[in-house]
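One file, upload_36.cif, carrying mmCIF, C-alpha atoms and all ligand atoms:
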```
data_entry
#
loop_
_atom_site.label_atom_id
_atom_site.label_comp_id
_atom_site.auth_asym_id
_atom_site.auth_seq_id
_atom_site.Cartn_x
_atom_site.Cartn_y
_atom_site.Cartn_z
CA MET A 1 9.41 -0.90 16.09
CA THR A 2 6.32 -2.67 17.37
CA ASP A 3 5.59 -0.15 20.13
CA ILE A 4 4.26 2.72 18.05
CA TYR A 5 1.03 4.16 19.38
CA PRO A 6 -1.90 6.09 17.89
CA ILE A 7 -1.40 9.83 17.91
CA LEU A 8 -4.62 10.49 19.85
CA PRO A 9 -6.00 8.68 22.91
CA PRO A 10 -8.62 6.03 22.00
CA ASN A 11 -11.47 7.88 23.75
CA VAL A 12 -11.13 10.73 21.23
CA MET A 13 -11.70 8.37 18.31
CA PRO A 14 -14.11 5.78 19.70
CA ASP A 15 -15.46 4.43 16.41
CA LYS A 16 -13.79 3.21 13.25
CA SER A 17 -14.17 6.50 11.38
CA PRO A 18 -10.92 7.97 10.06
CA LEU A 19 -9.09 10.66 11.98
CA VAL A 20 -9.62 13.97 10.20
CA ILE A 21 -7.10 16.76 10.56
CA ALA A 22 -8.20 19.97 8.87
CA GLY A 23 -7.32 23.62 8.73
CA PRO A 24 -5.64 26.14 6.50
CA CYS A 25 -2.34 25.62 4.76
CA SER A 26 -1.14 28.70 6.64
CA ALA A 27 -2.31 30.69 9.62
CA GLU A 28 -2.76 34.16 8.11
CA SER A 29 -4.70 36.22 10.63
CA GLU A 30 -6.37 35.66 13.98
CA ARG A 31 -9.76 36.14 12.35
CA GLN A 32 -9.08 33.64 9.55
CA VAL A 33 -7.76 31.03 12.01
CA LEU A 34 -10.67 31.36 14.46
CA ASP A 35 -13.35 31.59 11.80
CA THR A 36 -12.08 28.45 10.06
CA ALA A 37 -11.52 26.58 13.33
CA THR A 38 -14.99 27.34 14.69
CA GLN A 39 -16.66 26.04 11.56
CA LEU A 40 -14.52 22.89 11.54
CA ALA A 41 -15.16 22.22 15.23
CA ASP A 42 -18.91 22.53 14.63
CA MET A 43 -18.58 19.79 12.01
CA GLY A 44 -16.90 17.49 14.52
CA VAL A 45 -13.29 17.85 13.31
CA LYS A 46 -11.02 16.96 16.24
CA VAL A 47 -7.63 18.24 15.06
CA PHE A 48 -6.90 21.68 13.64
CA ARG A 49 -3.88 22.20 11.42
CA ALA A 50 -2.24 25.50 10.42
CA GLY A 51 1.26 26.24 9.18
CA ILE A 52 2.97 28.97 11.19
CA TRP A 53 6.40 28.68 9.55
CA LYS A 54 6.06 27.90 5.84
CA PRO A 55 8.77 26.31 3.72
CA ARG A 56 8.58 28.13 0.39
CA THR A 57 10.45 27.24 -2.74
CA LYS A 58 11.77 30.75 -3.28
CA PRO A 59 12.51 33.62 -0.88
CA GLY A 60 10.24 36.62 -0.88
CA GLY A 61 6.94 34.71 -0.84
CA PHE A 62 4.68 34.39 2.17
CA GLU A 63 6.81 32.49 4.67
CA GLY A 64 4.17 32.20 7.37
CA VAL A 65 3.16 34.62 10.11
CA GLY A 66 5.73 33.15 12.51
CA SER A 67 5.50 32.98 16.30
CA VAL A 68 2.58 35.40 16.60
CA GLY A 69 0.34 32.71 15.09
CA LEU A 70 0.99 30.40 18.04
CA SER A 71 -1.24 32.53 20.25
CA TRP A 72 -4.04 32.10 17.69
CA LEU A 73 -3.66 28.32 17.91
CA LYS A 74 -3.86 28.65 21.70
CA ARG A 75 -7.19 30.42 21.29
CA VAL A 76 -8.40 27.66 18.95
CA LYS A 77 -7.68 25.12 21.68
CA GLN A 78 -9.35 27.18 24.38
CA GLU A 79 -12.41 28.14 22.38
CA THR A 80 -13.12 24.98 20.39
CA GLY A 81 -11.47 22.20 22.40
CA MET A 82 -9.76 20.93 19.23
CA PHE A 83 -6.23 19.59 19.28
CA THR A 84 -3.81 21.77 17.31
CA ALA A 85 -1.03 20.82 14.89
CA THR A 86 1.70 22.78 13.15
CA GLU A 87 4.83 22.17 11.07
CA VAL A 88 8.23 22.34 12.73
CA ALA A 89 11.56 22.29 10.96
CA THR A 90 14.06 23.53 13.56
CA GLU A 91 14.76 23.18 17.27
CA GLN A 92 13.54 26.75 17.77
CA HIS A 93 10.19 25.90 16.14
CA ILE A 94 9.83 22.87 18.42
CA VAL A 95 10.59 24.82 21.60
CA GLU A 96 8.16 27.60 20.68
CA ALA A 97 5.38 25.27 19.51
CA LEU A 98 5.57 23.12 22.65
CA ASP A 99 5.70 26.21 24.90
CA ALA A 100 2.53 27.45 23.23
CA GLY A 101 0.80 24.12 23.92
CA VAL A 102 0.61 22.86 20.32
CA ASP A 103 -0.54 19.22 20.64
CA ILE A 104 0.82 17.61 17.47
CA LEU A 105 3.87 18.46 15.40
CA TRP A 106 4.38 17.64 11.75
CA ILE A 107 7.55 17.35 9.74
CA GLY A 108 7.24 18.78 6.23
CA ALA A 109 8.24 16.90 3.11
CA ARG A 110 11.32 19.03 2.48
CA THR A 111 12.55 18.45 6.02
CA THR A 112 11.99 14.67 5.95
CA ALA A 113 14.27 14.61 2.91
CA SER A 114 17.17 16.07 4.94
CA PRO A 115 18.93 13.65 7.32
CA PHE A 116 20.85 16.46 9.09
CA ALA A 117 17.65 18.40 9.76
CA MET A 118 15.86 15.22 10.88
CA GLN A 119 18.64 14.36 13.33
CA GLN A 120 18.52 17.85 14.85
CA ILE A 121 14.75 17.55 15.21
CA ALA A 122 15.09 14.10 16.78
CA ASP A 123 17.69 15.43 19.23
CA ALA A 124 15.38 18.30 20.16
CA LEU A 125 12.55 15.83 20.79
CA GLN A 126 14.62 13.51 23.00
CA GLY A 127 12.47 12.70 26.02
CA VAL A 128 9.47 14.71 24.82
CA ASP A 129 6.21 12.79 24.58
CA VAL A 130 4.47 14.55 21.69
CA PRO A 131 2.80 13.02 18.64
CA VAL A 132 4.72 13.65 15.41
CA LEU A 133 3.43 13.28 11.86
CA VAL A 134 6.14 12.57 9.32
CA LYS A 135 5.34 13.59 5.76
CA ASN A 136 6.99 11.59 3.01
CA PRO A 137 10.14 13.15 1.55
CA VAL A 138 9.60 15.15 -1.65
CA ASN A 139 11.48 12.50 -3.66
CA PRO A 140 10.05 8.98 -3.96
CA ASP A 141 12.54 7.38 -1.58
CA LEU A 142 10.96 5.02 0.94
CA GLU A 143 14.23 4.45 2.81
CA LEU A 144 14.62 8.19 3.43
CA TRP A 145 11.08 8.29 4.82
CA ILE A 146 11.74 5.30 7.07
CA GLY A 147 15.09 6.79 8.10
CA ALA A 148 13.39 9.99 9.28
CA ILE A 149 10.88 7.93 11.29
CA GLN A 150 13.68 5.83 12.80
CA ARG A 151 15.55 8.94 13.96
CA LEU A 152 12.45 10.07 15.88
CA TYR A 153 11.85 6.57 17.22
CA ASN A 154 15.45 6.32 18.41
CA ALA A 155 14.94 9.62 20.26
CA GLY A 156 12.06 8.00 22.16
CA VAL A 157 9.11 9.38 20.18
CA ARG A 158 6.43 6.67 20.14
CA ARG A 159 3.34 8.40 18.80
CA ILE A 160 4.30 8.64 15.16
CA ALA A 161 2.13 8.65 12.04
CA ALA A 162 3.22 8.76 8.41
CA VAL A 163 1.61 11.29 6.10
CA HIS A 164 1.46 10.49 2.42
CA ARG A 165 1.50 13.79 0.47
CA GLY A 166 2.78 12.54 -2.87
CA PHE A 167 6.12 12.98 -4.61
CA THR A 168 7.45 15.72 -6.86
CA SER A 169 8.01 15.00 -10.51
CA TYR A 170 9.81 17.11 -13.06
CA GLU A 171 7.10 16.52 -15.61
CA LYS A 172 3.66 18.13 -15.43
CA HIS A 173 0.89 15.77 -14.39
CA LEU A 174 -2.73 15.77 -13.36
CA TYR A 175 -1.51 15.73 -9.77
CA ARG A 176 0.64 18.33 -8.09
CA ASN A 177 2.59 15.53 -6.44
CA LEU A 178 2.42 11.99 -7.83
CA PRO A 179 0.83 9.50 -5.42
CA HIS A 180 3.05 6.44 -6.18
CA TRP A 181 0.70 4.45 -3.95
CA HIS A 182 3.02 1.45 -3.89
CA ILE A 183 5.38 3.43 -1.63
CA PRO A 184 2.95 3.92 1.29
CA ILE A 185 1.75 0.34 0.71
CA GLU A 186 5.31 -0.91 1.15
CA LEU A 187 5.74 1.37 4.20
CA ARG A 188 2.69 -0.30 5.74
CA ARG A 189 4.18 -3.72 5.04
CA ARG A 190 7.46 -2.71 6.68
CA MET A 191 5.90 -0.84 9.64
CA PRO A 192 2.42 -2.31 10.12
CA GLN A 193 1.90 -0.66 13.53
CA MET A 194 2.21 2.88 12.29
CA PRO A 195 -0.92 4.84 11.40
CA ASN A 196 -1.04 6.20 7.85
CA ILE A 197 -2.60 9.53 7.03
CA GLY A 198 -3.45 10.61 3.50
CA ASP A 199 -2.88 14.21 2.40
CA PRO A 200 -5.07 14.52 -0.71
CA SER A 201 -4.63 18.32 -0.69
CA HIS A 202 -0.91 18.22 -1.46
CA ILE A 203 -1.17 15.19 -3.77
CA GLY A 204 -3.97 16.72 -5.84
CA GLY A 205 -3.11 20.39 -5.69
CA ARG A 206 -6.63 21.08 -6.96
CA ARG A 207 -9.93 21.17 -5.10
CA GLU A 208 -11.75 18.70 -7.34
CA LEU A 209 -9.16 15.97 -6.81
CA ILE A 210 -9.50 15.94 -3.00
CA ALA A 211 -12.57 13.67 -2.81
CA PRO A 212 -11.33 10.87 -5.11
CA LEU A 213 -7.85 10.92 -3.55
CA ALA A 214 -9.28 10.82 -0.03
CA GLN A 215 -11.41 7.83 -1.00
CA GLN A 216 -8.40 6.08 -2.52
CA ALA A 217 -6.47 6.57 0.72
CA LEU A 218 -9.31 5.04 2.74
CA ASP A 219 -9.60 2.15 0.28
CA LEU A 220 -5.93 1.45 0.92
CA GLY A 221 -6.58 1.25 4.66
CA PHE A 222 -5.25 4.66 5.71
CA GLU A 223 -6.38 5.54 9.23
CA GLY A 224 -6.64 9.29 8.71
CA LEU A 225 -6.77 12.26 6.38
CA ILE A 226 -5.20 15.70 6.58
CA ILE A 227 -7.11 18.14 4.38
CA GLU A 228 -6.51 21.84 3.92
CA SER A 229 -9.52 24.01 4.70
CA HIS A 230 -9.74 27.80 4.69
CA CYS A 231 -12.70 30.07 5.41
CA CYS A 232 -11.99 31.97 2.11
CA PRO A 233 -9.81 29.73 -0.04
CA ASP A 234 -9.58 32.16 -2.94
CA GLU A 235 -7.89 34.70 -0.67
CA ALA A 236 -5.43 32.19 0.78
CA LEU A 237 -1.79 33.32 0.87
CA SER A 238 -0.54 29.78 0.09
CA ASP A 239 -2.00 26.77 -1.73
CA ALA A 240 -5.21 28.63 -2.69
CA ALA A 241 -6.19 26.18 -5.47
CA GLN A 242 -6.33 23.15 -3.19
CA GLN A 243 -8.10 24.51 -0.11
CA LEU A 244 -11.75 23.76 0.62
CA THR A 245 -14.18 25.85 2.60
CA PRO A 246 -15.32 24.02 5.75
CA SER A 247 -18.70 23.39 4.13
CA MET A 248 -17.08 21.91 1.01
CA LEU A 249 -15.04 19.72 3.33
CA ARG A 250 -18.23 18.61 5.08
CA ASP A 251 -19.61 17.43 1.73
CA VAL A 252 -16.39 15.61 0.84
CA LEU A 253 -16.35 13.84 4.21
CA ALA A 254 -20.04 12.93 3.98
CA GLN A 255 -19.48 11.17 0.67
CA LEU A 256 -16.51 9.10 1.78
CA VAL A 257 -17.14 5.39 2.09
CA VAL A 258 -15.38 3.92 5.10
CA ARG A 259 -14.65 0.28 4.29
CA GLU A 260 -15.33 -2.23 7.02
CA THR A 261 -12.36 -4.42 6.23
CA SER A 262 -9.73 -1.87 5.39
CA LEU A 263 -6.89 -4.31 5.98
CA MET A 264 -8.41 -6.82 3.56
CA THR A 265 -8.84 -4.10 0.98
CA GLU A 266 -5.25 -3.03 1.37
CA THR A 267 -4.00 -6.57 0.83
CA LEU A 268 -6.28 -6.97 -2.15
CA THR A 269 -5.05 -3.72 -3.69
CA GLU A 270 -1.44 -4.81 -3.32
CA LEU A 271 -2.16 -8.21 -4.90
CA ARG A 272 -4.02 -6.55 -7.75
CA ARG A 273 -1.06 -4.27 -8.29
CA GLN A 274 1.14 -7.35 -8.64
CA ILE A 275 -1.30 -8.91 -11.11
CA ASP A 276 -1.31 -5.70 -13.15
CA GLY A 277 2.48 -5.79 -13.24
CA ILE A 278 2.48 -9.38 -14.50
CA ASP A 279 -0.17 -8.63 -17.14
CA ASN A 280 2.03 -5.78 -18.35
CA GLN A 281 4.95 -8.14 -18.71
CA LEU A 282 2.76 -10.72 -20.48
CA LEU A 283 1.66 -8.17 -23.05
CA ASP A 284 5.20 -6.90 -23.59
CA LEU A 285 6.34 -10.49 -24.12
CA LEU A 286 3.49 -11.23 -26.52
CA ALA A 287 4.32 -8.14 -28.56
CA GLU A 288 7.96 -9.22 -28.69
CA ARG A 289 6.97 -12.77 -29.68
CA MET A 290 4.81 -11.46 -32.54
CA ARG A 291 7.65 -9.26 -33.72
CA ILE A 292 10.04 -12.23 -33.92
CA SER A 293 7.31 -14.29 -35.55
CA ARG A 294 7.02 -11.71 -38.34
CA GLU A 295 10.80 -11.78 -38.74
CA ILE A 296 10.63 -15.56 -39.21
CA GLY A 297 7.76 -15.07 -41.68
CA ALA A 298 9.84 -12.65 -43.75
CA TYR A 299 12.74 -15.11 -43.77
CA LYS A 300 10.49 -18.02 -44.87
CA LYS A 301 9.12 -15.90 -47.67
CA GLU A 302 12.60 -14.97 -48.82
CA GLN A 303 13.61 -18.63 -48.79
CA ASN A 304 10.39 -19.68 -50.45
CA MET A 305 9.36 -21.84 -47.46
CA PRO A 306 5.72 -22.53 -46.38
CA VAL A 307 4.30 -20.52 -43.46
CA LEU A 308 2.88 -23.49 -41.61
CA GLN A 309 5.31 -26.17 -40.49
CA ALA A 310 3.18 -28.71 -38.67
CA GLN A 311 6.02 -30.64 -37.10
CA ARG A 312 7.51 -27.57 -35.45
CA TYR A 313 4.10 -26.57 -34.08
CA ASP A 314 3.52 -30.04 -32.66
CA GLU A 315 6.93 -29.94 -30.95
CA ILE A 316 6.11 -26.60 -29.34
CA LEU A 317 2.79 -27.94 -28.03
CA GLN A 318 4.26 -31.15 -26.62
CA LYS A 319 7.19 -29.40 -24.97
CA ARG A 320 5.10 -26.69 -23.30
CA MET A 321 2.38 -29.10 -22.18
CA SER A 322 4.95 -31.21 -20.32
CA GLN A 323 6.45 -28.04 -18.84
CA ALA A 324 2.96 -27.01 -17.69
CA GLU A 325 2.66 -30.31 -15.84
CA VAL A 326 5.93 -29.65 -14.01
CA LEU A 327 4.87 -26.09 -13.13
CA GLY A 328 1.52 -27.21 -11.78
CA ILE A 329 -0.64 -25.50 -14.40
CA ASN A 330 -3.29 -27.26 -16.41
CA PRO A 331 -1.70 -28.56 -19.70
CA GLU A 332 -5.04 -28.19 -21.53
CA PHE A 333 -5.16 -24.52 -20.55
CA VAL A 334 -1.58 -24.02 -21.80
CA LYS A 335 -2.52 -25.80 -25.03
CA ASN A 336 -5.42 -23.37 -25.54
CA VAL A 337 -3.22 -20.35 -24.88
CA LEU A 338 -0.52 -21.60 -27.27
CA GLN A 339 -3.08 -22.40 -29.95
CA ALA A 340 -4.40 -18.83 -29.77
CA ILE A 341 -0.87 -17.44 -29.94
CA HIS A 342 0.06 -19.73 -32.81
CA GLU A 343 -3.05 -18.82 -34.76
CA GLU A 344 -2.22 -15.14 -34.48
CA SER A 345 1.43 -15.79 -35.44
CA VAL A 346 0.35 -17.61 -38.58
CA GLN A 347 -2.01 -14.74 -39.44
CA GLN A 348 0.82 -12.25 -39.01
CA GLN A 349 3.10 -14.30 -41.30
CA VAL A 350 0.43 -14.88 -43.97
CA LYS A 351 -0.21 -11.11 -44.14
CA LEU A 352 3.41 -10.39 -45.06
C1 LIG B 1 1.69 21.80 4.31
O1 LIG B 1 1.18 20.83 4.89
O2 LIG B 1 1.14 22.88 4.17
C2 LIG B 1 3.01 21.60 3.66
C3 LIG B 1 3.87 22.58 3.50
O3 LIG B 1 3.15 20.34 3.26
P1 LIG B 1 4.37 19.55 2.55
O4 LIG B 1 5.50 19.54 3.52
O5 LIG B 1 3.74 18.23 2.36
O6 LIG B 1 4.66 20.26 1.27
MN MN B 2 -0.09 23.58 1.99
#
```

Taking this structure as input, can you express it in the form of structure tokens?
Amino acid sequence: MTDIYPILPPNVMPDKSPLVIAGPCSAESERQVLDTATQLADMGVKVFRAGIWKPRTKPGGFEGVGSVGLSWLKRVKQETGMFTATEVATEQHIVEALDAGVDILWIGARTTASPFAMQQIADALQGVDVPVLVKNPVNPDLELWIGAIQRLYNAGVRRIAAVHRGFTSYEKHLYRNLPHWHIPIELRRRMPQMPNIGDPSHIGGRRELIAPLAQQALDLGFEGLIIESHCCPDEALSDAAQQLTPSMLRDVLAQLVVRETSLMTETLTELRRQIDGIDNQLLDLLAERMRISREIGAYKKEQNMPVLQAQRYDEILQKRMSQAEVLGINPEFVKNVLQAIHEESVQQQVKL
């Protein structure tokens, strides 16, 4: 899948700044949509998002305004010149959205998680040249995310971007949806051509988390951000706690640091993640070694044996220093590490 293209033509995004997609979680009224869109357009936002059909956990909540909202998006296009984007989950949504001139479609997290739904969407998009954003599935399953993307690709869709919106967790956390950054990092490794868009609104679930999460996404080399913005967030009919007013969004965007070498940073982050994993294992092993050491100490005490047995210690040093040579690490360094470990072991045994 090397022939995946950016979702917008290059003349729309001439510099290296990230693509910003902003707009309310849901289109609620013509006034709300146009008021929000006008403010965002004045700030230079190029793509306006608004959910028309909303996937809600339980029936009876606000399930979106439905088709009537499409005419409001049409007005946004006409009056502001912004591109428009909305969520589609069925063939009917796709037909209606495309008829109304919606420029970009997105697949919601619940839909990405359903292979049957994804196949129907892919079939409906066969031969249609429209950019599609694919949110990660609600569960942390990279293969399911890639599978959804492949279904669209196989249907001929070539302008595809992945949206990282975090993953649900049964336990309560700081975040509404856990970021599990290693998953989008691995997606990037597997599909390096595909643009990545961060969705700090749905990861954070709270206004004050948007800025740090957006920065983290940029630090990881994401090419874009999708951020929920509403002219009156407190009155929003969905996701009120995480929506920013356009002027709050302006401040968040102004403070973002766009790294020059995003690819470098991404590689570095992944390598650091690996180092952190190894350090974790080292500490677990050290703790286990100390535990066994204390067990030996207790045994020696029971048997009335001395704590320090010089010959055994010398054997350990000699053996590990030769092993270090074979492994290509400095034997002197290994000697220092073992001495420190041995010293602590002796301390632990003496204390018993
Ligand atoms: C949304 O973008 O408003 C939305 C419903 O997102 P998700 O599918 O990520 O929950
Ligand atoms: Mn939302």

Exercise: Arg56 (chain A) partners within 12 Å, only C-alpha atoms, chain neighbours under 4 positions left out, as a list in words: Ser26, Gly51, Gly60, Gly61, Phe62, Glu63, Gly64, Gly108, Ala109, Arg110, Thr111, Leu237, Ser238 and Asp239 of chain A

Selection as an NGL selection string: residues within 9 Å of ligand LIG 1 (chain B) by all atoms listed in the file: :A and (24-26 or 49-51 or 53-56 or 86-87 or 106-112 or 135-138 or 163-166 or 199 or 201-203 or 226-228 or 238-239)

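Separating CA of Ile104 (chain A) from CA of Arg250 (chain A) is a distance of 22.7 Å.
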
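The environment of Gln318 (chain A) within 12 Å, counting all atoms listed in the file and disregarding residues fewer than 6 places along the same chain, consists of Gln311, Arg312, Ala324, Glu325, Pro331, Glu332, Val334, Lys335, Leu338 and Gln339 of chain A.
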
Length of the CA of Leu225 (chain A) to CA of Thr2 (chain A) vector [Å]: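 CA of Thr2 (chain A) lies 22.7 Å from CA of Leu225 (chain A).
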
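By all atoms listed in the file, and with residues fewer than 2 positions from Ile7 (chain A) along its chain excluded, the set lying at most 10 Å from it is A:Ile4, A:Tyr5, A:Pro9, A:Pro10, A:Leu19, A:Asp103, A:Ile104, A:Val130, A:Pro131, A:Val132, A:Leu133, A:Arg158, A:Arg159, A:Ile160, A:Ala161, A:Met194, A:Pro195.
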
Counting all atoms listed in the file, the residue of A:Thr80, A:Ser114, A:Ser345, A:Gln216 that sits nearest Glu266 (chain A): A:Gln216

Two-atom distance - CA of Leu253 (chain A), CA of Ala211 (chain A) (Å): 8.0 Å

Polymer residues at most 8 Å from (5.3, 27.6, 17.9) by all atoms listed in the file, as a count of residues only: 16
